[in-house]
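Coordinates as given in work08.cif (mmCIF, C-alpha atoms and all ligand atoms):
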```
data_input
#
loop_
_atom_site.label_atom_id
_atom_site.label_comp_id
_atom_site.auth_asym_id
_atom_site.auth_seq_id
_atom_site.Cartn_x
_atom_site.Cartn_y
_atom_site.Cartn_z
CA MET A 61 -33.98 5.89 -6.06
CA THR A 62 -33.67 8.50 -3.31
CA VAL A 63 -30.72 10.71 -2.46
CA LYS A 64 -29.03 8.96 0.47
CA PRO A 65 -26.91 11.10 2.77
CA ARG A 66 -23.43 9.60 3.20
CA ASN A 67 -19.99 10.89 3.81
CA VAL A 68 -19.75 12.05 0.22
CA GLU A 69 -17.69 15.09 1.17
CA SER A 70 -14.74 12.91 2.11
CA ARG A 71 -12.02 12.15 -0.40
CA ALA A 72 -11.47 8.81 1.36
CA PHE A 73 -15.06 7.81 0.57
CA TRP A 74 -14.50 8.40 -3.15
CA ASP A 75 -11.04 6.82 -3.20
CA GLY A 76 -12.64 3.76 -1.61
CA ARG A 77 -15.43 3.63 -4.16
CA PHE A 78 -13.08 4.06 -7.10
CA SER A 79 -10.75 1.36 -5.72
CA GLU A 80 -13.48 -1.19 -6.37
CA PRO A 81 -13.13 -3.21 -9.58
CA GLY A 82 -14.84 -1.88 -12.70
CA TYR A 83 -16.43 1.53 -13.12
CA ALA A 84 -18.77 2.74 -10.39
CA TYR A 85 -20.90 4.72 -12.87
CA GLY A 86 -20.02 2.68 -15.93
CA ASP A 87 -17.67 3.50 -18.77
CA GLN A 88 -20.33 5.03 -21.00
CA PRO A 89 -21.09 8.77 -20.90
CA ASN A 90 -24.05 10.17 -19.03
CA ASP A 91 -26.95 10.12 -21.49
CA PHE A 92 -27.98 13.77 -20.92
CA LEU A 93 -24.42 14.79 -21.81
CA ARG A 94 -24.49 12.55 -24.86
CA ALA A 95 -27.84 14.00 -26.00
CA SER A 96 -26.69 17.60 -25.40
CA CYS A 97 -23.31 17.26 -27.01
CA GLN A 98 -23.15 15.09 -30.12
CA GLU A 99 -21.28 16.94 -32.81
CA MET A 100 -17.59 16.71 -33.45
CA ALA A 101 -16.00 19.73 -31.85
CA SER A 102 -12.79 21.48 -31.04
CA GLY A 103 -12.10 23.72 -28.10
CA ASP A 104 -11.37 23.37 -24.43
CA ALA A 105 -13.67 21.44 -22.14
CA LEU A 106 -13.54 21.18 -18.35
CA SER A 107 -15.26 18.30 -16.60
CA LEU A 108 -15.87 18.95 -12.90
CA CYS A 109 -15.85 16.03 -10.47
CA GLU A 110 -15.05 13.70 -13.34
CA GLY A 111 -14.49 10.55 -11.30
CA GLU A 112 -13.38 7.61 -13.44
CA GLY A 113 -13.46 9.30 -16.83
CA ARG A 114 -16.58 8.24 -18.71
CA ASN A 115 -17.66 11.79 -19.59
CA ALA A 116 -14.19 13.23 -20.20
CA VAL A 117 -13.35 10.39 -22.57
CA TYR A 118 -16.60 10.93 -24.47
CA LEU A 119 -15.79 14.64 -24.93
CA ALA A 120 -12.24 13.84 -26.02
CA ARG A 121 -13.64 11.45 -28.62
CA LEU A 122 -15.75 14.33 -29.95
CA GLY A 123 -12.57 16.33 -30.42
CA TYR A 124 -12.41 18.52 -27.31
CA ARG A 125 -9.18 19.12 -25.42
CA VAL A 126 -10.44 17.91 -22.07
CA THR A 127 -9.32 18.68 -18.55
CA ALA A 128 -10.88 16.43 -15.92
CA VAL A 129 -10.87 17.69 -12.32
CA ASP A 130 -11.56 15.62 -9.24
CA PHE A 131 -10.13 15.29 -5.75
CA SER A 132 -9.81 11.51 -6.12
CA GLU A 133 -6.44 10.64 -7.59
CA ILE A 134 -7.61 7.03 -7.83
CA GLY A 135 -10.61 8.05 -9.92
CA LEU A 136 -8.48 10.17 -12.25
CA ALA A 137 -5.91 7.39 -12.71
CA LYS A 138 -8.76 5.20 -13.97
CA ALA A 139 -9.90 8.08 -16.18
CA ARG A 140 -6.48 8.30 -17.84
CA ASN A 141 -6.48 4.55 -18.31
CA LEU A 142 -9.94 4.61 -19.92
CA ALA A 143 -8.79 7.41 -22.24
CA GLU A 144 -5.70 5.47 -23.27
CA ARG A 145 -7.73 2.36 -24.00
CA GLN A 146 -10.05 4.41 -26.19
CA GLY A 147 -7.19 6.07 -28.05
CA VAL A 148 -7.65 9.63 -26.77
CA ALA A 149 -5.77 11.90 -24.40
CA ILE A 150 -7.19 13.82 -21.47
CA ALA A 151 -5.50 16.10 -18.94
CA THR A 152 -6.30 15.42 -15.31
CA THR A 153 -6.03 17.76 -12.34
CA VAL A 154 -6.30 16.54 -8.77
CA ALA A 155 -8.00 19.40 -6.94
CA ASP A 156 -10.67 20.12 -4.40
CA LEU A 157 -13.47 22.21 -5.87
CA ALA A 158 -13.47 24.20 -2.65
CA ASP A 159 -10.42 26.10 -3.90
CA PHE A 160 -10.36 25.34 -7.61
CA ASP A 161 -10.01 28.35 -9.90
CA LEU A 162 -11.91 28.05 -13.20
CA GLY A 163 -9.79 30.76 -14.84
CA ILE A 164 -10.80 33.58 -17.15
CA ALA A 165 -12.22 32.98 -20.65
CA ARG A 166 -10.59 29.56 -20.46
CA TRP A 167 -13.32 27.09 -21.49
CA ASP A 168 -15.67 26.49 -24.41
CA LEU A 169 -17.54 23.89 -22.42
CA VAL A 170 -17.88 23.15 -18.71
CA VAL A 171 -19.53 19.90 -17.73
CA SER A 172 -20.89 19.02 -14.31
CA ILE A 173 -22.43 15.56 -14.16
CA PHE A 174 -23.58 14.53 -10.68
CA ALA A 175 -20.92 16.75 -9.14
CA GLN A 176 -23.16 17.71 -6.18
CA PRO A 177 -20.79 19.97 -4.22
CA PRO A 178 -22.03 21.42 -0.93
CA SER A 179 -23.91 24.70 -1.39
CA ALA A 180 -21.06 27.04 -0.40
CA ILE A 181 -18.68 25.41 -2.89
CA ARG A 182 -21.37 25.26 -5.55
CA ARG A 183 -22.16 28.97 -5.29
CA ARG A 184 -18.49 29.89 -5.34
CA LEU A 185 -18.02 27.85 -8.52
CA TYR A 186 -21.10 29.17 -10.27
CA ARG A 187 -20.07 32.76 -9.56
CA GLN A 188 -16.93 32.07 -11.61
CA LEU A 189 -18.72 30.48 -14.56
CA HIS A 190 -19.61 33.52 -16.62
CA GLN A 191 -15.99 34.70 -16.56
CA ALA A 192 -14.50 31.25 -17.06
CA LEU A 193 -16.57 30.42 -20.14
CA ARG A 194 -15.53 31.97 -23.42
CA PRO A 195 -18.18 33.90 -25.38
CA GLN A 196 -20.76 31.35 -26.57
CA GLY A 197 -19.26 28.80 -24.20
CA ARG A 198 -21.73 26.40 -22.60
CA LEU A 199 -22.34 24.69 -19.31
CA ILE A 200 -23.99 21.25 -19.31
CA LEU A 201 -25.14 19.98 -15.93
CA GLU A 202 -27.12 17.09 -14.53
CA SER A 203 -27.54 16.71 -10.79
CA LYS A 204 -29.64 14.81 -8.29
CA VAL A 205 -32.56 16.67 -6.76
CA ASP A 206 -34.15 16.44 -3.36
CA VAL A 207 -37.60 18.02 -3.74
CA ASN A 208 -37.40 19.49 -0.23
CA ALA A 209 -33.97 21.04 -0.70
CA THR A 210 -33.40 24.75 -0.14
CA ALA A 211 -30.61 26.80 -1.70
CA ASP A 212 -28.42 25.87 1.27
CA ASP A 213 -28.66 22.16 0.52
CA ARG A 214 -26.61 19.89 -1.66
CA TYR A 215 -29.37 18.65 -3.97
CA PRO A 216 -31.44 21.70 -4.98
CA GLY A 217 -33.89 21.81 -7.87
CA ALA A 218 -33.45 23.37 -11.31
CA GLN A 219 -34.95 26.74 -10.34
CA ILE A 220 -32.39 27.33 -7.59
CA LEU A 221 -29.52 26.16 -9.78
CA ARG A 222 -30.45 28.43 -12.68
CA GLU A 223 -30.73 31.45 -10.39
CA GLU A 224 -27.25 30.74 -9.01
CA MET A 225 -25.83 30.65 -12.56
CA ALA A 226 -26.79 34.23 -13.41
CA PRO A 227 -25.77 35.99 -15.63
CA LEU A 228 -25.47 32.94 -17.90
CA SER A 229 -28.37 32.58 -20.37
CA ILE A 230 -30.37 29.49 -19.62
CA LEU A 231 -31.10 27.45 -22.76
CA LEU A 232 -32.67 24.54 -20.90
CA ALA A 233 -33.58 24.00 -17.25
CA ARG A 234 -35.82 21.12 -16.32
CA GLU A 235 -36.44 18.59 -13.63
CA GLN A 236 -37.78 15.10 -13.97
CA GLU A 237 -37.94 11.63 -12.51
CA ARG A 238 -35.88 9.45 -14.77
CA GLU A 239 -34.35 6.03 -14.79
CA LEU A 240 -30.60 5.96 -14.35
CA GLN A 241 -28.63 3.02 -15.67
CA GLU A 242 -25.06 4.06 -15.01
CA GLY A 243 -22.80 1.39 -13.58
CA ARG A 244 -23.47 -0.17 -10.17
CA TYR A 245 -24.27 3.00 -8.25
CA HIS A 246 -26.68 4.88 -10.48
CA LEU A 247 -29.46 2.40 -11.02
CA GLY A 248 -33.17 3.09 -10.80
CA MET A 249 -35.52 6.06 -10.65
CA GLN A 250 -34.00 9.36 -9.60
CA ARG A 251 -35.22 12.96 -9.68
CA THR A 252 -32.66 15.06 -11.55
CA ALA A 253 -32.15 18.61 -12.76
CA GLN A 254 -30.77 19.11 -16.26
CA ILE A 255 -29.40 22.47 -17.34
CA VAL A 256 -27.76 23.88 -20.44
CA ALA A 257 -26.54 27.45 -20.04
CA LEU A 258 -24.69 29.79 -22.37
CA ASN A 259 -22.29 32.64 -21.92
CA SER A 260 -24.00 34.98 -24.37
CA ARG A 261 -21.64 37.92 -23.73
CA GLY A 262 -19.45 39.07 -26.57
CA PRO A 263 -15.66 39.10 -26.33
CA GLN A 264 -14.30 41.29 -23.53
C1 LIG A 301 -21.25 10.92 -8.02
S1 LIG A 301 -19.56 11.03 -8.46
C2 LIG A 301 -19.74 11.52 -10.14
C3 LIG A 301 -18.56 11.17 -11.00
C4 LIG A 301 -18.68 11.52 -12.47
N1 LIG A 301 -18.99 12.92 -12.68
C5 LIG A 301 -19.68 10.65 -13.15
O1 LIG A 301 -20.81 11.11 -13.39
O2 LIG A 301 -19.34 9.51 -13.48
C6 LIG A 301 -19.04 12.51 -7.63
C7 LIG A 301 -17.59 12.88 -7.89
O3 LIG A 301 -17.30 14.11 -7.24
C8 LIG A 301 -15.99 14.07 -6.71
N2 LIG A 301 -15.92 15.09 -5.65
C9 LIG A 301 -16.74 15.18 -4.59
N3 LIG A 301 -16.43 16.28 -3.85
C10 LIG A 301 -15.39 16.89 -4.48
C11 LIG A 301 -14.62 18.06 -4.22
N4 LIG A 301 -14.87 18.84 -3.14
N5 LIG A 301 -13.65 18.41 -5.08
C12 LIG A 301 -13.38 17.63 -6.17
N6 LIG A 301 -14.07 16.50 -6.47
C13 LIG A 301 -15.06 16.12 -5.65
C14 LIG A 301 -15.83 12.65 -6.25
O4 LIG A 301 -14.47 12.26 -6.11
C15 LIG A 301 -16.57 11.90 -7.37
O5 LIG A 301 -15.67 11.59 -8.41
#
```
For the file at hand, write its structure as structure tokens.
Amino acid sequence: MTVKPRNVESRAFWDGRFSEPGYAYGDQPNDFLRASCQEMASGDALSLCEGEGRNAVYLARLGYRVTAVDFSEIGLAKARNLAERQGVAIATTVADLADFDLGIARWDLVVSIFAQPPSAIRRRLYRQLHQALRPQGRLILESKVDVNATADDRYPGAQILREEMAPLSILLAREQERELQEGRYHLGMQRTAQIVALNSRGPQ
């Protein structure tokens, strides 16, 4: 599978995709998230670009208080519905990442699964991460990679992403070709970056 350029910056594109029947990326959590985050937990988790809820619902089932952010209201309505059907609650916030504020010492976990914001938005977000995560808070990220991407592109590799996350401590940063089996739209071989990063600062 290659990264196909489309009008993915438009809210209308995503509202259209999430208006289709079923779940575009399935109703099961991303498997890197599942592998990285398995234990029952408490604390506050933020899921960026959550879409239709599969990852937020998984985290809520683990015990997190989850806030799911996305600019597609249609996606988030499906996320709330999925949560209700699985007997958990999630909070949803309709917001554009371009002006979303992650807050200060607000989150124990931030999750970014195939969020893929444009580079300017991505860098703005990552600059906020070390302040937004509580001490020992973690970031878990998987994103598509274009091997030719520079730091100004939307699909950069793991090395660029980890540099942008400074001063978080990188626990894992890798890149691989792997098979995606996530709903109708993530099927087949795809190069991805997977990152786990930690806010290793003590309390302020
Ligand atoms: C590939 S989907 C991934 C959805 C979900 N994370 C998953 O893995 O199932 C990308 C998501 O990013 C959201 N998105 C794209 N640009 C955004 C922006 N600027 N602000 C907020 N959400 C955005 C879309 O609405 C969509 O839900």
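Our summary of the geometry notes that atom O2 of ligand LIG 301 (chain A) is positioned 19.9 Å from CA of Ser179 in chain A.
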Within 12 Å of (-12.6, -0.4, -14.6) (file coordinates; all atoms listed in the file), which protein or nucleic acid residues are there? I'd like them as a PyMOL selection string. chain A and resi 77-88+111-114+134-143+145+243-244
Output C-alpha atoms for every residue in that selection, as a PDB file, in the frame of the given file.
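Result written to selection27.pdb:
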```pdb
ATOM      1  CA  ARG A  77     -15.430   3.630  -4.160  1.00  0.00           C
ATOM      2  CA  PHE A  78     -13.080   4.060  -7.100  1.00  0.00           C
ATOM      3  CA  SER A  79     -10.750   1.360  -5.720  1.00  0.00           C
ATOM      4  CA  GLU A  80     -13.480  -1.190  -6.370  1.00  0.00           C
ATOM      5  CA  PRO A  81     -13.130  -3.210  -9.580  1.00  0.00           C
ATOM      6  CA  GLY A  82     -14.840  -1.880 -12.700  1.00  0.00           C
ATOM      7  CA  TYR A  83     -16.430   1.530 -13.120  1.00  0.00           C
ATOM      8  CA  ALA A  84     -18.770   2.740 -10.390  1.00  0.00           C
ATOM      9  CA  TYR A  85     -20.900   4.720 -12.870  1.00  0.00           C
ATOM     10  CA  GLY A  86     -20.020   2.680 -15.930  1.00  0.00           C
ATOM     11  CA  ASP A  87     -17.670   3.500 -18.770  1.00  0.00           C
ATOM     12  CA  GLN A  88     -20.330   5.030 -21.000  1.00  0.00           C
ATOM     13  CA  GLY A 111     -14.490  10.550 -11.300  1.00  0.00           C
ATOM     14  CA  GLU A 112     -13.380   7.610 -13.440  1.00  0.00           C
ATOM     15  CA  GLY A 113     -13.460   9.300 -16.830  1.00  0.00           C
ATOM     16  CA  ARG A 114     -16.580   8.240 -18.710  1.00  0.00           C
ATOM     17  CA  ILE A 134      -7.610   7.030  -7.830  1.00  0.00           C
ATOM     18  CA  GLY A 135     -10.610   8.050  -9.920  1.00  0.00           C
ATOM     19  CA  LEU A 136      -8.480  10.170 -12.250  1.00  0.00           C
ATOM     20  CA  ALA A 137      -5.910   7.390 -12.710  1.00  0.00           C
ATOM     21  CA  LYS A 138      -8.760   5.200 -13.970  1.00  0.00           C
ATOM     22  CA  ALA A 139      -9.900   8.080 -16.180  1.00  0.00           C
ATOM     23  CA  ARG A 140      -6.480   8.300 -17.840  1.00  0.00           C
ATOM     24  CA  ASN A 141      -6.480   4.550 -18.310  1.00  0.00           C
ATOM     25  CA  LEU A 142      -9.940   4.610 -19.920  1.00  0.00           C
ATOM     26  CA  ALA A 143      -8.790   7.410 -22.240  1.00  0.00           C
ATOM     27  CA  ARG A 145      -7.730   2.360 -24.000  1.00  0.00           C
ATOM     28  CA  GLY A 243     -22.800   1.390 -13.580  1.00  0.00           C
ATOM     29  CA  ARG A 244     -23.470  -0.170 -10.170  1.00  0.00           C
TER      30      ARG A 244
END
```
Taking all atoms listed in the file into account, produce a table as CSV in which each residue of chain A with an atom at most 7 Å from an atom of ligand LIG 301 (chain A) appears once, together with its shortest atom pair and the distance in Å to one decimal, ordered by chain and rising number.
```
residue,atom,partner,partner_atom,distance
A:Val68,CA,A:LIG301,C9,6.5
A:Glu69,CA,A:LIG301,N3,5.3
A:Arg71,CA,A:LIG301,O4,6.2
A:Trp74,CA,A:LIG301,O4,4.9
A:Tyr85,CA,A:LIG301,O2,5.1
A:Asn90,CA,A:LIG301,O1,6.6
A:Leu108,CA,A:LIG301,N1,6.8
A:Cys109,CA,A:LIG301,O3,4.0
A:Glu110,CA,A:LIG301,N1,4.1
A:Gly111,CA,A:LIG301,O5,3.3
A:Glu112,CA,A:LIG301,O2,6.3
A:Gly113,CA,A:LIG301,O2,6.8
A:Arg114,CA,A:LIG301,O2,6.0
A:Asn115,CA,A:LIG301,O2,6.7
A:Val129,CA,A:LIG301,C12,6.6
A:Asp130,CA,A:LIG301,N6,3.8
A:Phe131,CA,A:LIG301,C12,4.0
A:Ser132,CA,A:LIG301,O4,4.7
A:Gly135,CA,A:LIG301,O5,6.4
A:Ala155,CA,A:LIG301,C12,5.7
A:Asp156,CA,A:LIG301,N5,3.5
A:Leu157,CA,A:LIG301,N5,3.9
A:Ala158,CA,A:LIG301,N4,5.6
A:Ser172,CA,A:LIG301,N1,6.6
A:Ile173,CA,A:LIG301,N1,4.6
A:Phe174,CA,A:LIG301,C2,4.9
A:Ala175,CA,A:LIG301,O3,4.9
A:Gln176,CA,A:LIG301,C6,6.8
A:Pro177,CA,A:LIG301,N3,5.7
```
Work out how far apart CA of Gly197 in chain A and CA of Ala165 in chain A are and give it in Å to one decimal. 8.9 Å
Can you tell me which residues surround Gln236 in chain A at a distance of at most 10 Å, considering all atoms listed in the file, apart from same-chain residues fewer than 6 positions away, and format the answer as an MDAnalysis selection string? chainID A and resid 204:205 217:218 249:254
By how many Å are CA of Ala180 in chain A and CA of Arg234 in chain A apart?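 CA of Arg234 in chain A lies at a distance of 22.5 Å from CA of Ala180 in chain A.
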At a cut-off of 7 Å around the point (-24.0, 23.6, -24.6) (file coordinates), what residues fall inside when counting all atoms listed in the file? I'd like the answer as a PDB file with C-alpha atoms, in the coordinates of the input.
```pdb
ATOM      1  CA  SER A  96     -26.690  17.600 -25.400  1.00  0.00           C
ATOM      2  CA  CYS A  97     -23.310  17.260 -27.010  1.00  0.00           C
ATOM      3  CA  LEU A 169     -17.540  23.890 -22.420  1.00  0.00           C
ATOM      4  CA  ARG A 198     -21.730  26.400 -22.600  1.00  0.00           C
ATOM      5  CA  LEU A 199     -22.340  24.690 -19.310  1.00  0.00           C
ATOM      6  CA  ILE A 200     -23.990  21.250 -19.310  1.00  0.00           C
ATOM      7  CA  VAL A 256     -27.760  23.880 -20.440  1.00  0.00           C
ATOM      8  CA  ALA A 257     -26.540  27.450 -20.040  1.00  0.00           C
ATOM      9  CA  LEU A 258     -24.690  29.790 -22.370  1.00  0.00           C
TER      10      LEU A 258
END
```
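Shortest atom-to-atom contact with Ile181 in chain A among A:Leu106, A:Gln219, A:Asp213, A:Val117: A:Asp213, counting only C-alpha atoms.
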So that all listed atoms of range 231-248 of chain A fit with 8 Å spare on each side, what axis-aligned box centre and edge lengths in Å, to one decimal, would you give as lines of an AutoDock Vina configuration file?
```
center_x = -30.4
center_y = 13.6
center_z = -15.5
size_x = 31.1
size_y = 43.6
size_z = 30.5
```
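Shortest separation to Thr127 in chain A among A:Ala95, A:Ala72, A:Val170, A:Leu221 occurs at residue A:Val170, atoms counted being only C-alpha atoms.
If all atoms listed in the file are the atoms counted, then among A:Asp91, A:Ala151, A:Arg184, A:Ala226 the closest residue to Glu239 in chain A is A:Asp91.
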Choose the residue, out of A:Glu144, A:Glu133, A:Asp212, A:Asp104, that has the smallest atom-to-atom separation from Trp167 in chain A; count only C-alpha atoms.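 Nearest to Trp167 in chain A: A:Asp104.
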